[in-house]
Amino acid sequence: MTLATYINDLLYRYDCVIVPDFGGFVTNKIGAKVNNFTHTFSAPTKQITFNNLLKHNDGLLANYIASAENISFEKASTAISLSVIKWQNELQSKAVEIENLGVLSLNEEKQIVFEPNTTVNYLTESFGLTTVESSAITRYKQQVKPLAPVLVKEEKKKIPAFIKYAATAAILLTLGFSAINGYQQKQQKEVLANQEKALQKKIQSATFVISNPLPTINLNVAKEKEVSKPYHIIAGAFQFAENAEKKVKQLKANGFDAKIIGVNKWGLTQVSFNSYASRNEATNNLYKIQDTVSKDAWLLIKK
């Protein structure tokens with residue numbers, strides 16, 4: 001089993017894939033780019049980074065491997081652990097190349113350094129799009145000769161008298177029409193105001209009478225106060241809801257008050273062993289479950 005194959009598959013659908021006890025591969029969406037020096041256009045893509053602090057097992061990778069290989073969740077988790085041990089041993093002496101993802105290596109401070117492979121685009125929206133190169137466009141500046149100055153003689157023209165009188169008459173007619181329009185608008189406003197006052201008087205004087213009204217019914221509803229239980233001990237997260245329901249039945253058969261508590265941000269259905277109102281009680285039971293049932297159990301707080 002090649003672990004890199006399953007990580008690659010999940011990065012097309014999710015923004016983060018965590019390898020338990022090793023680190024998480026996180027994607028960031030980058031828009032299309034134009035390189036003015038090489039004259040190339042690049043499609044939108046997902047940039048991959050590595051975060052060695054994301055080591056907690058969220059169940060995404062193990063569930064996907066279990067579904068693809070038709071094996072149990074426990075066997076898938078064991079296979080992941082073996083691959084992680086192999087990577088950690090190889091990193092002590094050389095760089096580790098993960099197929100299509102990039103190269104992992106250790107710096108002087110023994111911290112993991114990741115160099116991503118930029119040839120693979122995990123953004124499904126850009127499927128089939130490649131880098132396009134365009135030839136450079138040469139622009140020529142056209143020289144414009146200045147026009148020779150033209151001398152124009154200004155002549156004083158006399159305006160005929162009848163044009164002056166016509167302009168004066170037009171101005172007087174415009175003012176007259178404006179005054180008439182203003183008077184008409186004022187009358188219309190007064191009519192509308194009187195109609196509005198009359199309508200308000202009718203509404204105020206109107207009386208609504210309901211004959212044979214229904215009797216009043218008093219209902220006493222008793223509310224059951226639900227105790228909030230925000231502390232959940234997680235047994236696993238499943239990609240398929242039917243697997244989560246099977247896990248709930250299995251845990252209930254073993255005496256746990258198991259239930260499905262919702263779907264996380266990666267689309268996985270989470271199942272809890274038990275839920276508690278007290279943090280101390282939840283922590284004590286978590287230690288017991290990790291010692292006796294599952295060391296991968298962890299505490300989720302939902303408020």
# chains A, B, ... in the order shown; residues from 1 in each chain; ligands from 1
call {"tool": "residues_around", "arguments": {"residues": "A:Val113", "least_positions_apart": "2", "cutoff": "6 Å", "atoms": "only C-alpha atoms", "output": "ChimeraX atom specification"}}
result
/A:104-106
call {"tool": "write_last_selection", "arguments": {"atoms": "C-alpha atoms", "output": "tab-separated table (two decimals), in the first residue's frame"}}
result
chain	number	residue	atom	x	y	z
A	104	LEU	CA	10.53	16.26	2.93
A	105	SER	CA	13.86	16.85	4.66
A	106	LEU	CA	15.30	17.85	8.04
call {"tool": "closest_atom_pairs", "arguments": {"of": "stretch 251-270 of chain A", "to": "stretch 60-82 of chain A", "cutoff": "9 Å", "atoms": "only C-alpha atoms", "output": "tab-separated table"}}
result
residue	atom	partner	partner_atom	distance
A:Trp266	CA	A:Leu60	CA	7.8
A:Gly267	CA	A:Leu60	CA	8.9
A:Leu268	CA	A:Leu60	CA	7.1
call {"tool": "write_last_selection", "arguments": {"atoms": "N, CA, C and O atoms", "output": "tab-separated table (two decimals), in the first residue's frame"}}
result
chain	number	residue	atom	x	y	z
A	266	TRP	N	-14.74	18.47	7.76
A	266	TRP	CA	-14.25	17.67	6.64
A	266	TRP	C	-15.30	16.71	6.10
A	266	TRP	O	-15.01	15.86	5.30
A	267	GLY	N	-16.52	16.82	6.58
A	267	GLY	CA	-17.60	16.00	6.07
A	267	GLY	C	-17.66	14.60	6.67
A	267	GLY	O	-18.31	13.72	6.10
A	268	LEU	N	-17.00	14.38	7.80
A	268	LEU	CA	-16.99	13.07	8.45
A	268	LEU	C	-18.00	13.04	9.60
A	268	LEU	O	-18.10	13.98	10.38
call {"tool": "closest_residue", "arguments": {"among": "A:Tyr231, A:Trp87, A:Phe273, A:Tyr14", "to": "A:Leu123", "atoms": "only C-alpha atoms"}}
result
A:Tyr14
call {"tool": "atom_distance", "arguments": {"atom1": "atom CA of A:Thr49", "atom2": "atom CA of A:Asn28"}}
result
8.0 Å
call {"tool": "closest_residue", "arguments": {"among": "A:Asp257, A:Glu242, A:Asp21, A:Glu109", "to": "A:Leu53", "atoms": "only C-alpha atoms"}}
result
A:Asp21
call {"tool": "residues_around", "arguments": {"residues": "A:Thr40", "least_positions_apart": "4", "cutoff": "6 Å", "atoms": "only C-alpha atoms", "output": "ChimeraX atom specification"}}
result
/A:34-35,132-133
call {"tool": "write_last_selection", "arguments": {"atoms": "N, CA, C and O atoms", "output": "JSON list (two decimals), in the first residue's frame"}}
result
[["chain", "number", "residue", "atom", "x", "y", "z"],
["A", 34, "VAL", "N", -0.24, 35.99, -14.18],
["A", 34, "VAL", "CA", 0.36, 36.40, -15.45],
["A", 34, "VAL", "C", 1.81, 36.76, -15.18],
["A", 34, "VAL", "O", 2.11, 37.57, -14.30],
["A", 35, "ASN", "N", 2.73, 36.13, -15.92],
["A", 35, "ASN", "CA", 4.15, 36.42, -15.79],
["A", 35, "ASN", "C", 4.55, 37.36, -16.93],
["A", 35, "ASN", "O", 4.56, 36.96, -18.10],
["A", 132, "VAL", "N", -0.32, 28.75, -20.50],
["A", 132, "VAL", "CA", -0.36, 29.23, -21.88],
["A", 132, "VAL", "C", 0.71, 30.30, -22.06],
["A", 132, "VAL", "O", 0.82, 31.23, -21.25],
["A", 133, "GLU", "N", 1.48, 30.18, -23.13],
["A", 133, "GLU", "CA", 2.52, 31.16, -23.43],
["A", 133, "GLU", "C", 2.08, 32.02, -24.61],
["A", 133, "GLU", "O", 1.61, 31.51, -25.63]]
call {"tool": "closest_residue", "arguments": {"among": "A:Leu10, A:Gly59, A:Thr124, A:Ile112", "to": "A:Lys29", "atoms": "only C-alpha atoms"}}
result
A:Thr124
call {"tool": "atom_distance", "arguments": {"atom1": "atom CA of A:Ile30", "atom2": "atom CA of A:Asn107"}}
result
27.3 Å
call {"tool": "atom_distance", "arguments": {"atom1": "atom CA of A:Thr2", "atom2": "atom CA of A:Val84"}}
result
11.5 Å
call {"tool": "residues_around", "arguments": {"residues": "A:Ile48", "least_positions_apart": "5", "cutoff": "10 Å", "atoms": "only C-alpha atoms", "output": "PyMOL selection string"}}
result
chain A and resi 11+15-16+25-29+101-102+114-118+120-122
call {"tool": "residues_around", "arguments": {"residues": "A:Tyr276", "least_positions_apart": "5", "cutoff": "9 Å", "atoms": "only C-alpha atoms", "output": "PyMOL selection string"}}
result
chain A and resi 228-233+281-282
call {"tool": "select_by_dssp", "arguments": {"residues": "stretch 45-123 of chain A", "states": "strand (DSSP E)", "output": "count of residues only"}}
result
20
call {"tool": "residues_around", "arguments": {"residues": "A:Asn264", "least_positions_apart": "4", "cutoff": "12 Å", "atoms": "only C-alpha atoms", "output": "PDB file with N, CA, C and O atoms, in the first residue's frame"}}
result
ATOM      1  N   ASP A  58      -7.848  12.609  12.778  1.00  0.00           N
ATOM      2  CA  ASP A  58      -9.246  12.993  12.589  1.00  0.00           C
ATOM      3  C   ASP A  58     -10.052  11.910  11.884  1.00  0.00           C
ATOM      4  O   ASP A  58     -11.254  12.062  11.686  1.00  0.00           O
ATOM      5  N   GLY A  59      -9.399  10.815  11.490  1.00  0.00           N
ATOM      6  CA  GLY A  59     -10.102   9.682  10.899  1.00  0.00           C
ATOM      7  C   GLY A  59     -10.301   9.757   9.401  1.00  0.00           C
ATOM      8  O   GLY A  59     -10.742   8.782   8.788  1.00  0.00           O
ATOM      9  N   LEU A  60     -10.000  10.897   8.769  1.00  0.00           N
ATOM     10  CA  LEU A  60     -10.255  11.061   7.340  1.00  0.00           C
ATOM     11  C   LEU A  60      -9.419  10.088   6.508  1.00  0.00           C
ATOM     12  O   LEU A  60      -9.954   9.335   5.681  1.00  0.00           O
ATOM     13  N   ILE A 234     -14.725  11.025  21.687  1.00  0.00           N
ATOM     14  CA  ILE A 234     -14.913  10.599  20.308  1.00  0.00           C
ATOM     15  C   ILE A 234     -14.324   9.201  20.094  1.00  0.00           C
ATOM     16  O   ILE A 234     -13.173   8.927  20.430  1.00  0.00           O
ATOM     17  N   GLY A 236     -14.639   7.781  16.844  1.00  0.00           N
ATOM     18  CA  GLY A 236     -14.185   7.744  15.464  1.00  0.00           C
ATOM     19  C   GLY A 236     -14.975   8.701  14.600  1.00  0.00           C
ATOM     20  O   GLY A 236     -16.022   9.204  14.996  1.00  0.00           O
ATOM     21  N   ALA A 237     -14.451   8.957  13.390  1.00  0.00           N
ATOM     22  CA  ALA A 237     -15.129   9.801  12.402  1.00  0.00           C
ATOM     23  C   ALA A 237     -15.191   9.021  11.096  1.00  0.00           C
ATOM     24  O   ALA A 237     -14.180   8.463  10.649  1.00  0.00           O
ATOM     25  N   PHE A 238     -16.352   8.975  10.479  1.00  0.00           N
ATOM     26  CA  PHE A 238     -16.593   8.081   9.355  1.00  0.00           C
ATOM     27  C   PHE A 238     -17.071   8.869   8.139  1.00  0.00           C
ATOM     28  O   PHE A 238     -17.857   9.813   8.244  1.00  0.00           O
ATOM     29  N   GLN A 239     -16.563   8.419   6.970  1.00  0.00           N
ATOM     30  CA  GLN A 239     -16.945   9.069   5.720  1.00  0.00           C
ATOM     31  C   GLN A 239     -18.371   8.707   5.322  1.00  0.00           C
ATOM     32  O   GLN A 239     -19.097   9.530   4.768  1.00  0.00           O
ATOM     33  N   ILE A 260     -24.374   9.560  17.508  1.00  0.00           N
ATOM     34  CA  ILE A 260     -23.780  10.398  16.470  1.00  0.00           C
ATOM     35  C   ILE A 260     -23.965  11.865  16.876  1.00  0.00           C
ATOM     36  O   ILE A 260     -25.080  12.300  17.139  1.00  0.00           O
ATOM     37  N   LEU A 268     -17.004  14.384   7.801  1.00  0.00           N
ATOM     38  CA  LEU A 268     -16.993  13.069   8.446  1.00  0.00           C
ATOM     39  C   LEU A 268     -17.996  13.037   9.600  1.00  0.00           C
ATOM     40  O   LEU A 268     -18.104  13.981  10.377  1.00  0.00           O
ATOM     41  N   THR A 269     -18.712  11.925   9.716  1.00  0.00           N
ATOM     42  CA  THR A 269     -19.708  11.749  10.774  1.00  0.00           C
ATOM     43  C   THR A 269     -19.006  11.265  12.041  1.00  0.00           C
ATOM     44  O   THR A 269     -18.359  10.218  12.043  1.00  0.00           O
ATOM     45  N   GLN A 270     -19.137  12.018  13.146  1.00  0.00           N
ATOM     46  CA  GLN A 270     -18.431  11.714  14.379  1.00  0.00           C
ATOM     47  C   GLN A 270     -19.317  10.911  15.333  1.00  0.00           C
ATOM     48  O   GLN A 270     -20.512  11.210  15.480  1.00  0.00           O
ATOM     49  N   VAL A 271     -18.707   9.901  15.963  1.00  0.00           N
ATOM     50  CA  VAL A 271     -19.406   9.032  16.916  1.00  0.00           C
ATOM     51  C   VAL A 271     -18.717   9.152  18.269  1.00  0.00           C
ATOM     52  O   VAL A 271     -17.486   9.126  18.353  1.00  0.00           O
ATOM     53  N   LEU A 300     -13.808  15.947  22.641  1.00  0.00           N
ATOM     54  CA  LEU A 300     -14.317  17.045  21.805  1.00  0.00           C
ATOM     55  C   LEU A 300     -15.245  17.901  22.665  1.00  0.00           C
ATOM     56  O   LEU A 300     -16.133  17.398  23.344  1.00  0.00           O
ATOM     57  N   LYS A 302     -18.039  20.848  22.515  1.00  0.00           N
ATOM     58  CA  LYS A 302     -18.990  21.568  21.655  1.00  0.00           C
ATOM     59  C   LYS A 302     -19.913  22.383  22.549  1.00  0.00           C
ATOM     60  O   LYS A 302     -20.715  21.831  23.283  1.00  0.00           O
TER      61      LYS A 302
END
call {"tool": "closest_residue", "arguments": {"among": "A:Ala258, A:Ala253, A:Thr119, A:Leu91", "to": "A:Gln47", "atoms": "only C-alpha atoms"}}
result
A:Thr119
call {"tool": "closest_residue", "arguments": {"among": "A:Lys303, A:Lys295, A:Lys110, A:Lys259", "to": "A:Asn57", "atoms": "only C-alpha atoms"}}
result
A:Lys295
